Every structure is written in C-alpha cells, then in structure tokens.
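Colleague: Below you will find the structure I want to go over with you.
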Amino acid sequence: MVRPRRPVFELTVYLVVRAVVCVVQAAPTRAAFAFADLLAQLMYHVDRRHRLVASENLRHAFPGLPPASVDRLVRGCYRHFCTLIIEIALLPRKLHVHNWRRYASLVHGGRVVGGLLDRRPLLVVTAHFGNWEMAGFMLGALGFRTYAIARVLDNPHLERFLKTFRQKTGQTIIAKKDDFDRLSAAMRAGGKVATLGDQDAGPRGVFVEFFGRPASAHKAVALMAIEYDAPMAVVGVPRVGEPMRYETVCEEVIDPREYTDRPDAVKAITQRYHAALERLIRRHPEQYFWLHRRWKTQPAAKKAKAA
C-alpha cells in the first residue's frame, strides 16, 4: 500500500531535522551528548509502545533476568540509539582518513581486509547493532569502494539528505527493492556489498533460531552468497568507550563453498550468520535495536498451537 504524499509536512520535518543537525554540529561535543541523554529519557517515558516491545523481546532473549535488569537494558537501548543519532550527525565533521584510529579499531580485521582485497565478491552482514553506519563511512574514508543495501525513506528530502551522508566517502547506496539489476552487476564485478541481516521477512522467510525463538529471515542474503560465490563477513560495530569510541568486529566469515553439496544450504548459512550476530549482541545487549518487532512472524504450526 502506497502512503499518500504530504509535501508540506515532509518539507517541514526535513527542515527541522536539518536545523537540529546544524545545532548539534555547532555545539560543543559534551553538550551534544548531554542532549542525547535528555532525549533518551524523554523517549523512554513517551514512547510506551516501543518500550513494551523492547521489554517483551528482552524477557524472551534473557529468560530469568529480573524486571529491574530488563528495565535497565531498555533504558540503555534508548540511550544508545539517541546517542547514535548525535554521532551520525557528527561523523562527517569528526572522522577522516588521518584520524580514524581515534574513533575505531579493528578486531579480527584481517578477515575483512582480506575479503575487501580479494577478487571474489564479499557480503558484509550486520544488524541494527552498535553503529552500523560507521562501518561503511569509515571504509570509504580508507579508500575502499563498497555498496550498501538500504530501504528508501518515505520522505524524499530526508532520503536525499541521508543518502548524501552515506555516500560522502565513496560508499554507493543500492535501494533495497528497486535496484536489483545494479546489485547483480556489483556482485558479478566482485563488489563488496553490506546488508542488514536481522529484519523480519514475513511468512515467506526461512525460520532460524535467534535468541532461542524462531525468527523469519530473508533468504536473499544466503542465496546471493551461493549464486555469486561470495564469502560472508559477519560484522558488528559496538561502542566500547565514550565518546564515539568503537570496535569494528569481524565475528565470523562464512564461505558458501562449504555448503555446495548441502540441500539445506540456504537455511544453514542463514542460521550460522544469525548465531554470529547473536554472539555479538550478547556481549553488548543494550546496543541492539530491541524496539523493533524482530520476532513478529512465527511459524504457522507454532501459531496454531498457541491458539
């Protein structure tokens, strides 16, 4: 269903966002992050719907966790993502090729660098975890030409603004739904493509275990790896210090050649990268986007049993 356009509202939202970004970039860094803390507290109290979703997700993911600990993680989740918004606004002013070590370090980086330099295409799979925007921005600043699959925002003004930021250092954005030909061409040419692998795929997805529950996952990630003979690097970018101190962690590299003769190759690869993402998230649980309904779609048999 296509949403009706609201040009005046869309332009107003865009202008407000631009004004906030200008203020954040002009303000002292400490003041900008203090604003993020205040915004997180406000969102925690106002955004009841997503707060309840996050609490439910965390109770399932960490059974036996006391209610006070669950609430502390929910608050931490709001704080992380409000801080993340401020960091994204500051990145173009702060991070460049000469100072990237001040803001990020590589863990098992040889695996990723090897894949980036190899002639084979590479799939970089990450999640709504840590600062996933920083990885592509930093790789571009270091001279690597990469692609990222992203959903097009409904607001065209915000879409152009965010796309300019994402492509500022050389990363190319491929629309999730409308750029299949360009994606295929990039993979055939040995391109390095990043994608988010933790989104609900609906009833047509492949179901894998994620934090002890069935989660519907898109088959396309594993299918691309198999079709284009592309190794898959499972990467997370968790915050490890304040302010804006991150690690780029390559948790695992999955080679589709290991699954050549397996009839369940798609599900096995999908399960493996979800297990790697889960390990990353468990080390920094407050930095995962628990606010979204990752487990919204459940297998039909499980729904019938629950009914």
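Letters for chains follow the order of the structure tokens (A, B, ...), residue numbers begin at 1 for each chain, and ligand numbers begin at 1 in the order shown.
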What's around range 52-62 of chain A at 10 Å? Count only C-alpha atoms, leave out sequence neighbours fewer than 3 positions away in its own chain, and write the answer as JSON, numbers by chain.
Modeller: {"A": [47, 48, 49, 65, 66, 67, 69, 70, 71, 72, 73, 74, 75, 77, 78, 210, 211, 212, 213, 278, 282, 285, 286, 288, 289, 290, 291, 292, 293, 294, 295]}
Colleague: DSSP says strand (DSSP E or B) for which residues of range 78-124 of chain A? Put them as a ChimeraX atom specification?
Modeller: /A:104-107,122-124
Colleague: Output N, CA and C atoms for every residue in that selection, as a CSV table (one decimal), in the first residue's frame.
Modeller:
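File written: part_33.csv
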```
chain,number,residue,atom,x,y,z
A,104,ALA,N,37.9,4.3,16.1
A,104,ALA,CA,37.6,2.9,15.8
A,104,ALA,C,38.8,2.1,15.7
A,105,SER,N,38.7,0.8,16.1
A,105,SER,CA,39.8,-0.1,16.0
A,105,SER,C,39.2,-1.4,15.4
A,106,LEU,N,40.1,-2.2,14.7
A,106,LEU,CA,39.6,-3.4,14.0
A,106,LEU,C,39.9,-4.6,14.9
A,107,VAL,N,38.9,-5.5,15.1
A,107,VAL,CA,39.1,-6.8,15.8
A,107,VAL,C,38.9,-7.9,14.7
A,122,LEU,N,32.1,-9.9,-1.9
A,122,LEU,CA,32.1,-10.1,-0.5
A,122,LEU,C,30.7,-9.5,0.0
A,123,LEU,N,30.1,-10.3,0.9
A,123,LEU,CA,28.9,-9.8,1.5
A,123,LEU,C,29.2,-9.5,3.0
A,124,VAL,N,29.0,-8.2,3.4
A,124,VAL,CA,29.2,-7.9,4.8
A,124,VAL,C,27.8,-7.8,5.4
```
Colleague: Using only C-alpha atoms, which of the listed residues (A:Leu162, A:Ile85, A:Ile226, A:Val193) sits closest to Ala40 in chain A?
Modeller: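 Once distances to Ala40 in chain A are computed over only C-alpha atoms, the minimum belongs to A:Ile85.
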Colleague: Mind checking which residues fall within 10 Å of Glu87 in chain A, counting only C-alpha atoms, ignoring those fewer than 6 positions away in the same chain, and posting them as a ChimeraX atom specification?
Modeller: /A:24-25,29,32-33,36,81,94,131,133-134,243-244
Colleague: Could you save the residues just selected, with C-alpha atoms, as an mmCIF file, in the first residue's frame?
Modeller:
```
data_model
loop_
_atom_site.group_PDB
_atom_site.id
_atom_site.type_symbol
_atom_site.label_atom_id
_atom_site.label_comp_id
_atom_site.auth_asym_id
_atom_site.auth_seq_id
_atom_site.Cartn_x
_atom_site.Cartn_y
_atom_site.Cartn_z
ATOM 1 C CA VAL A 24 24.427 19.582 17.045
ATOM 2 C CA GLN A 25 27.400 20.131 14.746
ATOM 3 C CA THR A 29 30.567 17.783 21.833
ATOM 4 C CA ALA A 32 25.521 17.411 22.147
ATOM 5 C CA PHE A 33 25.796 14.154 24.077
ATOM 6 C CA ALA A 36 21.169 12.811 23.655
ATOM 7 C CA PHE A 81 20.202 4.977 19.853
ATOM 8 C CA LYS A 94 34.973 14.233 13.116
ATOM 9 C CA ASN A 131 26.878 1.992 14.924
ATOM 10 C CA GLU A 133 26.503 3.415 9.707
ATOM 11 C CA MET A 134 30.095 3.990 10.857
ATOM 12 C CA PRO A 243 32.623 9.472 23.259
ATOM 13 C CA MET A 244 32.426 7.820 19.830
#
```
Colleague: Give me, please, the distance in Å between CA of Gly170 in chain A and CA of Arg145 in chain A, quoted to one decimal.
Modeller: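 Atom-to-atom, CA of Gly170 in chain A to CA of Arg145 in chain A, that is 5.9 Å.
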Colleague: From the list A:Pro299, A:Val20, A:Arg262, A:Glu251, which residue is nearest Arg111 in chain A when using only C-alpha atoms?
Modeller: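 The closest residue to Arg111 in chain A is A:Glu251.
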Colleague: Go through A:Asp154, A:Asp118, A:Asp264, A:Asp37 and flag the residue nearest Phe9 in chain A, using only C-alpha atoms for the distances.
Modeller: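 Among the listed residues, A:Asp154 lies closest to Phe9 in chain A.
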Colleague: Could you pull the residues within 8 Å of range 236-240 of chain A, counting only C-alpha atoms, minus those fewer than 4 positions along the same chain, as number ranges by chain?
Modeller: A: 126-127, 129-132, 134-135, 244-251, 277, 280, 284, 287
Colleague: I need the residues of range 116-295 of chain A that end up classed as helix (DSSP H, G or I) by DSSP on the backbone, written out as number ranges by chain.
Modeller: A: 116-117, 132-141, 156-166, 180-188, 202-204, 220-227, 256-259, 265-283, 285-287
